[in-house]
file work-v3.txt (compact mmCIF, C-alpha atoms)
# COMPACT_ATOMS: atom_id res chain seq x y z
CA MET E 23 -19.37 -11.79 -29.30
CA GLU E 24 -21.37 -10.28 -26.43
CA LYS E 25 -19.10 -11.85 -23.81
CA SER E 26 -16.00 -10.63 -25.62
CA ARG E 27 -17.45 -7.14 -25.75
CA LEU E 28 -18.33 -7.17 -22.05
CA SER E 29 -14.88 -8.47 -21.14
CA GLY E 30 -13.27 -5.64 -23.09
CA ASP E 31 -15.50 -3.07 -21.43
CA ILE E 32 -14.64 -4.40 -17.98
CA ALA E 33 -10.91 -4.60 -18.70
CA LEU E 34 -10.78 -1.00 -19.87
CA PHE E 35 -12.79 0.18 -16.87
CA LEU E 36 -10.47 -1.59 -14.43
CA ALA E 37 -7.35 -0.26 -16.13
CA LEU E 38 -8.66 3.30 -16.08
CA THR E 39 -9.78 2.96 -12.46
CA LEU E 40 -6.31 1.78 -11.43
CA GLY E 41 -4.57 4.54 -13.34
CA LEU E 42 -6.77 7.31 -12.01
CA SER E 43 -6.70 5.94 -8.46
CA CYS E 44 -2.91 5.93 -8.40
CA ILE E 45 -2.95 9.70 -8.79
CA PHE E 46 -4.54 9.89 -5.34
CA TYR E 47 -3.05 6.78 -3.74
CA VAL E 48 0.43 8.31 -3.94
CA PRO E 49 -0.24 11.41 -1.80
CA LEU E 50 -2.56 9.54 0.54
CA VAL E 51 0.07 6.88 1.23
CA THR E 52 3.25 8.98 1.12
CA LEU E 53 2.07 12.26 2.61
CA GLN E 54 -0.63 10.82 4.90
CA PRO E 55 -2.48 14.15 5.07
CA SER E 56 -4.89 15.08 7.82
CA PRO E 57 -8.18 13.12 7.66
CA ALA E 58 -9.90 16.50 7.53
CA PHE E 59 -8.22 17.21 4.19
CA MET E 60 -10.72 15.57 1.88
CA PRO E 61 -9.70 16.45 -1.71
CA TYR E 62 -7.37 13.43 -2.04
CA VAL E 63 -10.02 11.08 -0.66
CA THR E 64 -12.74 12.64 -2.80
CA GLY E 65 -10.57 12.31 -5.89
CA LEU E 66 -9.90 8.66 -5.11
CA MET E 67 -13.58 7.89 -4.53
CA TRP E 68 -14.53 9.55 -7.81
CA SER E 69 -11.90 7.65 -9.81
CA PRO E 70 -14.26 4.69 -10.52
CA ALA E 71 -16.94 7.11 -11.75
CA ILE E 72 -14.56 8.90 -14.09
CA ALA E 73 -13.27 5.53 -15.32
CA ALA E 74 -16.84 4.37 -16.00
CA LEU E 75 -17.72 7.53 -17.91
CA LEU E 76 -14.53 7.34 -19.96
CA THR E 77 -15.18 3.68 -20.75
CA VAL E 78 -18.69 4.51 -21.90
CA ARG E 79 -17.24 7.20 -24.14
CA PHE E 80 -14.33 5.22 -25.55
CA ARG E 81 -16.35 2.02 -26.08
CA ARG E 82 -19.38 3.86 -27.46
CA LEU E 83 -21.72 2.43 -24.82
CA ASP E 84 -25.14 3.66 -23.79
CA LEU E 85 -24.75 6.18 -20.98
CA ALA E 86 -28.17 5.13 -19.65
CA SER E 87 -26.75 1.66 -18.92
CA LEU E 88 -25.15 3.11 -15.78
CA GLY E 89 -28.62 3.28 -14.22
CA TRP E 90 -29.26 7.00 -13.78
CA GLY E 91 -33.01 6.64 -13.28
CA TRP E 92 -34.24 7.20 -9.72
CA GLY E 93 -36.21 3.94 -9.54
CA GLU E 94 -38.84 3.02 -6.97
CA HIS E 95 -38.68 4.99 -3.73
CA ARG E 96 -38.89 1.84 -1.61
CA TRP E 97 -35.47 0.66 -2.75
CA ASN E 98 -33.86 4.02 -1.96
CA LEU E 99 -35.48 4.00 1.47
CA THR E 100 -34.35 0.41 2.01
CA ALA E 101 -30.82 1.40 1.04
CA TYR E 102 -30.81 4.20 3.61
CA LEU E 103 -32.24 2.10 6.45
CA VAL E 104 -30.30 -1.16 6.03
CA PRO E 105 -26.92 0.29 7.18
CA LEU E 106 -28.66 1.98 10.10
CA GLY E 107 -30.06 -1.44 10.99
CA TYR E 108 -26.85 -3.44 10.87
CA ALA E 109 -24.74 -0.67 12.41
CA GLY E 110 -27.29 -0.25 15.20
CA LEU E 111 -27.30 -4.02 15.83
CA ALA E 112 -23.51 -4.23 15.92
CA TYR E 113 -22.94 -1.25 18.20
CA ALA E 114 -25.80 -2.15 20.52
CA ALA E 115 -24.07 -5.49 21.10
CA VAL E 116 -20.76 -3.69 21.71
CA TRP E 117 -22.35 -1.38 24.29
CA ILE E 118 -24.44 -4.07 26.00
CA PHE E 119 -21.49 -6.43 26.45
CA GLY E 120 -19.20 -3.66 27.66
CA LEU E 121 -16.79 -3.86 24.73
CA GLY E 122 -17.23 -0.15 24.14
CA GLY E 123 -19.03 2.66 25.94
CA PHE E 124 -21.95 4.69 24.64
CA ALA E 125 -21.48 8.46 24.60
CA ASP E 126 -18.65 8.73 27.11
CA ALA E 127 -17.59 12.14 28.41
CA GLU E 128 -14.91 12.48 25.73
CA ASN E 129 -17.42 11.56 22.99
CA ILE E 130 -19.83 14.20 24.27
CA LYS E 131 -17.03 16.77 24.44
CA GLN E 132 -16.09 16.16 20.82
CA ALA E 133 -19.71 16.28 19.67
CA ARG E 134 -20.25 19.55 21.58
CA THR E 135 -17.20 21.06 19.87
CA PHE E 136 -18.42 19.88 16.47
CA LEU E 137 -21.90 21.33 17.00
CA GLY E 138 -20.84 24.42 18.93
CA TRP E 139 -23.36 23.51 21.65
CA ASN E 140 -21.00 24.08 24.56
CA ASP E 141 -23.63 24.24 27.31
CA ALA E 142 -26.17 21.72 26.00
CA HIS E 143 -27.28 18.67 27.98
CA PRO E 144 -25.44 15.46 26.94
CA ALA E 145 -28.66 13.78 25.76
CA LEU E 146 -29.48 16.77 23.57
CA VAL E 147 -25.94 16.76 22.17
CA VAL E 148 -26.23 13.08 21.19
CA ILE E 149 -29.66 13.52 19.61
CA GLY E 150 -28.69 16.71 17.82
CA TYR E 151 -25.45 15.23 16.52
CA ALA E 152 -27.14 12.06 15.28
CA LEU E 153 -29.96 13.96 13.56
CA LEU E 154 -27.57 16.40 11.88
CA MET E 155 -25.43 13.57 10.57
CA ALA E 156 -28.45 11.56 9.41
CA THR E 157 -29.74 14.49 7.33
CA ALA E 158 -27.18 17.08 6.24
CA GLY E 159 -24.35 14.63 6.82
CA MET E 160 -26.04 12.16 4.49
CA ALA E 161 -25.94 14.67 1.64
CA ILE E 162 -22.19 15.13 2.11
CA SER E 163 -21.62 11.38 2.36
CA LEU E 164 -23.64 10.76 -0.80
CA ALA E 165 -21.54 13.25 -2.74
CA THR E 166 -18.46 11.04 -2.30
CA ALA E 167 -20.07 7.59 -2.23
CA LEU E 168 -21.75 8.31 -5.57
CA GLY E 169 -18.32 8.50 -7.19
CA GLU E 170 -17.53 4.92 -6.26
CA GLU E 171 -20.97 3.58 -7.04
CA ILE E 172 -21.19 4.98 -10.57
CA GLY E 173 -18.21 2.72 -11.18
CA TRP E 174 -18.73 -0.33 -8.99
CA ARG E 175 -22.49 -0.81 -9.23
CA GLY E 176 -23.47 1.51 -12.06
CA PHE E 177 -20.94 0.08 -14.52
CA LEU E 178 -19.15 -3.00 -13.17
CA ALA E 179 -21.69 -5.09 -11.25
CA PRO E 180 -24.35 -5.46 -14.00
CA ARG E 181 -21.73 -6.39 -16.61
CA VAL E 182 -19.99 -8.96 -14.42
CA ALA E 183 -23.42 -10.39 -13.56
CA LYS E 184 -24.14 -10.85 -17.28
CA LEU E 185 -20.86 -12.71 -17.69
CA ALA E 186 -20.79 -14.82 -14.55
CA GLY E 187 -24.24 -14.81 -12.95
CA PHE E 188 -25.43 -12.95 -9.88
CA MET E 189 -23.69 -14.69 -6.96
CA PRO E 190 -20.33 -15.17 -8.72
CA SER E 191 -20.45 -11.51 -9.70
CA VAL E 192 -20.99 -10.53 -6.07
CA PHE E 193 -17.75 -12.29 -5.08
CA ILE E 194 -15.81 -10.95 -8.09
CA VAL E 195 -16.85 -7.34 -7.52
CA ALA E 196 -16.25 -7.69 -3.77
CA VAL E 197 -12.68 -8.88 -4.38
CA ILE E 198 -12.03 -6.01 -6.81
CA TRP E 199 -13.65 -3.44 -4.53
CA GLY E 200 -11.86 -4.71 -1.44
CA THR E 201 -8.48 -4.92 -3.19
CA TRP E 202 -8.91 -1.33 -4.37
CA HIS E 203 -8.85 -0.29 -0.70
CA MET E 204 -5.72 -2.29 0.19
CA PRO E 205 -3.10 0.46 -0.39
CA LEU E 206 -4.89 2.63 2.15
CA ILE E 207 -5.37 -0.19 4.64
CA LEU E 208 -1.80 -1.45 4.43
CA LEU E 209 0.06 1.83 3.91
CA GLY E 210 -2.31 4.74 4.44
CA GLY E 211 -3.55 4.24 7.99
CA TYR E 212 -7.11 3.31 6.94
CA ASN E 213 -7.45 0.53 9.52
CA ALA E 214 -8.80 2.11 12.74
CA LYS E 215 -5.48 1.28 14.44
CA THR E 216 -5.91 -2.49 14.13
CA GLU E 217 -3.23 -4.83 12.79
CA TRP E 218 -3.47 -5.72 9.11
CA TRP E 219 -4.19 -9.36 9.87
CA VAL E 220 -7.31 -8.24 11.74
CA ALA E 221 -8.28 -5.29 9.56
CA ILE E 222 -8.15 -7.07 6.20
CA PRO E 223 -10.29 -10.16 7.03
CA CYS E 224 -12.90 -8.03 8.81
CA PHE E 225 -12.98 -5.50 5.99
CA MET E 226 -13.22 -8.13 3.24
CA VAL E 227 -16.13 -9.88 4.97
CA LEU E 228 -17.81 -6.49 5.33
CA VAL E 229 -17.22 -5.69 1.65
CA LEU E 230 -18.65 -9.05 0.60
CA GLY E 231 -21.85 -8.45 2.56
CA VAL E 232 -22.27 -4.91 1.28
CA SER E 233 -21.44 -6.04 -2.26
CA LEU E 234 -24.28 -8.58 -2.11
CA ILE E 235 -26.81 -6.06 -0.81
CA ALA E 236 -25.72 -3.31 -3.20
CA ALA E 237 -25.73 -5.58 -6.26
CA TRP E 238 -29.18 -6.93 -5.36
CA LEU E 239 -30.58 -3.41 -5.01
CA ARG E 240 -28.90 -2.28 -8.24
CA LEU E 241 -30.33 -5.12 -10.31
CA LYS E 242 -33.72 -5.17 -8.60
CA SER E 243 -34.28 -1.43 -8.99
CA GLY E 244 -32.49 -0.95 -12.30
CA SER E 245 -30.90 2.14 -10.74
CA LEU E 246 -27.48 2.97 -9.31
CA TRP E 247 -29.06 5.29 -6.70
CA PRO E 248 -29.99 2.63 -4.12
CA ALA E 249 -26.38 1.39 -4.20
CA ALA E 250 -25.07 4.93 -3.82
CA ILE E 251 -27.46 5.62 -0.94
CA LEU E 252 -26.53 2.33 0.72
CA HIS E 253 -22.82 3.15 0.47
CA ALA E 254 -23.34 6.70 1.75
CA SER E 255 -25.53 5.52 4.62
CA HIS E 256 -22.97 2.85 5.55
CA ASN E 257 -20.11 5.35 5.65
CA LEU E 258 -22.21 7.87 7.53
CA PHE E 259 -23.61 5.73 10.32
CA ILE E 260 -20.45 3.72 10.97
CA GLN E 261 -17.77 6.36 10.49
CA ARG E 262 -19.64 9.52 11.54
CA VAL E 263 -22.28 8.42 14.06
CA PHE E 264 -21.77 5.14 15.91
CA THR E 265 -17.96 5.04 16.05
CA PRO E 266 -17.60 8.67 17.26
CA LEU E 267 -20.21 7.96 19.95
CA THR E 268 -18.40 4.86 21.21
CA GLY E 269 -15.77 5.21 23.93
CA PRO E 270 -12.94 2.72 24.57
CA ARG E 271 -13.26 -0.09 27.10
CA GLY E 272 -9.68 -1.29 27.19
CA GLU E 273 -7.66 -2.56 24.25
CA VAL E 274 -10.50 -4.71 22.87
CA THR E 275 -12.67 -1.86 21.56
CA PRO E 276 -10.86 -1.21 18.21
CA TYR E 277 -11.19 -4.91 17.42
CA VAL E 278 -14.98 -4.93 17.65
CA ILE E 279 -16.05 -1.56 16.23
CA ASP E 280 -15.80 0.31 12.92
CA GLU E 281 -15.09 -1.40 9.58
CA PHE E 282 -12.04 -3.23 10.90
CA GLY E 283 -13.49 -4.94 13.98
CA ILE E 284 -15.67 -8.04 14.09
CA ALA E 285 -19.09 -6.70 15.13
CA VAL E 286 -20.11 -4.80 11.99
CA PRO E 287 -19.10 -7.52 9.47
CA ILE E 288 -21.09 -10.11 11.45
CA ALA E 289 -24.14 -7.84 11.57
CA ILE E 290 -23.85 -7.14 7.83
CA LEU E 291 -23.79 -10.85 7.04
CA ILE E 292 -26.98 -11.32 9.06
CA PHE E 293 -28.70 -8.68 6.95
CA ALA E 294 -27.13 -10.01 3.74
CA VAL E 295 -28.79 -13.39 4.28
CA TRP E 296 -32.18 -11.76 3.59
CA PHE E 297 -30.98 -10.58 0.19
CA TRP E 298 -29.19 -13.86 -0.54
CA LYS E 299 -32.42 -15.79 0.01
CA ARG E 300 -34.03 -13.56 -2.64
CA ARG E 301 -31.20 -13.84 -5.16
CA ALA E 302 -33.51 -15.56 -7.66
CA GLU E 303 -35.38 -12.26 -8.06
CA VAL E 304 -32.35 -10.68 -9.73
CA ALA E 305 -30.47 -13.67 -11.15

call {"tool": "encode", "arguments": {"input": "work-v3.txt", "output": "structure tokens"}}
result
Amino acid sequence: MEKSRLSGDIALFLALTLGLSCIFYVPLVTLQPSPAFMPYVTGLMWSPAIAALLTVRFRRLDLASLGWGWGEHRWNLTAYLVPLGYAGLAYAAVWIFGLGGFADAENIKQARTFLGWNDAHPALVVIGYALLMATAGMAISLATALGEEIGWRGFLAPRVAKLAGFMPSVFIVAVIWGTWHMPLILLGGYNAKTEWWVAIPCFMVLVLGVSLIAAWLRLKSGSLWPAAILHASHNLFIQRVFTPLTGPRGEVTPYVIDEFGIAVPIAILIFAVWFWKRRAEVA
């Protein structure tokens, strides 16, 4: 009876997520608006949250089961620092091996324009930009990442774990989560200018690693907030800090940086091993 109930909850959540997401997939894929125009993206990222809340309402579930409690501070801090760690490792390797350049003149120019610090020293621009992103930028990133995580880790991950066990649930949720991004990767230009046959494998490996870490933190803490912070920190440091501060070194650079190159997925898997070794703590 319990498994049947959980399966019904999950099926309704997935159906609602798909339906709501399509409202925003269509303009994102057909119109391909400017990346600076965020309402479509924000709406898409909040579709899983709305689907989760509607499922809770329609299925008469306990709203607290989504994990609203803040939990222990150490897991929230861990969630913030882990993406900084694996992104830092990946991009340091890219810079050291000359596959991309750190803070090239064009990167500094763009950061100066963003900050309005037109006459500042390059080192000050880099430090100021990174600090602003890591603080105020994190709040903005969390506002959108939370929408996904209320759905994926607040609602979906704990229920799939009850049905299938921890590690199988990690793979199941990763496949669902990764597939949800496919319209944008294949049709919406969300691929950092890499071919689909490079972008998709790299992205799916990345999603698997993040799915493992996020699910572990969700179940260990009993809270959705570490997963939301992890997701926000990941988006922030990769998309808003390290990638914008990395200049091209020939045609190879797009294939090693961002979410669609090989460096970040490899670094994530290295970090994910730590959580995998401690899977018994949440299984």

call {"tool": "residues_around", "arguments": {"input": "work-v3.txt", "residues": "Val278 of chain E", "least_positions_apart": "4", "cutoff": "12 Å", "atoms": "all atoms listed in the file", "output": "ChimeraX atom specification"}}
result
/E:109,112-117,119-123,214-216,220-221,224-225,265,268-274,282-289

call {"tool": "residues_around", "arguments": {"input": "work-v3.txt", "residues": "Leu88 of chain E", "least_positions_apart": "6", "cutoff": "8 Å", "atoms": "only C-alpha atoms", "output": "PyMOL selection string"}}
result
chain E and resi 172+176-177+245-246

call {"tool": "atom_distance", "arguments": {"input": "work-v3.txt", "atom1": "atom CA of Phe264 of chain E", "atom2": "atom CA of Ile118 of chain E"}}
result
13.9 Å

call {"tool": "atom_distance", "arguments": {"input": "work-v3.txt", "atom1": "atom CA of Gly110 of chain E", "atom2": "atom CA of Gly244 of chain E"}}
result
28.0 Å

call {"tool": "closest_residue", "arguments": {"input": "work-v3.txt", "among": "E:Thr201, E:Thr166, E:Thr275, E:Asn98", "to": "Thr64 of chain E", "atoms": "only C-alpha atoms"}}
result
E:Thr166
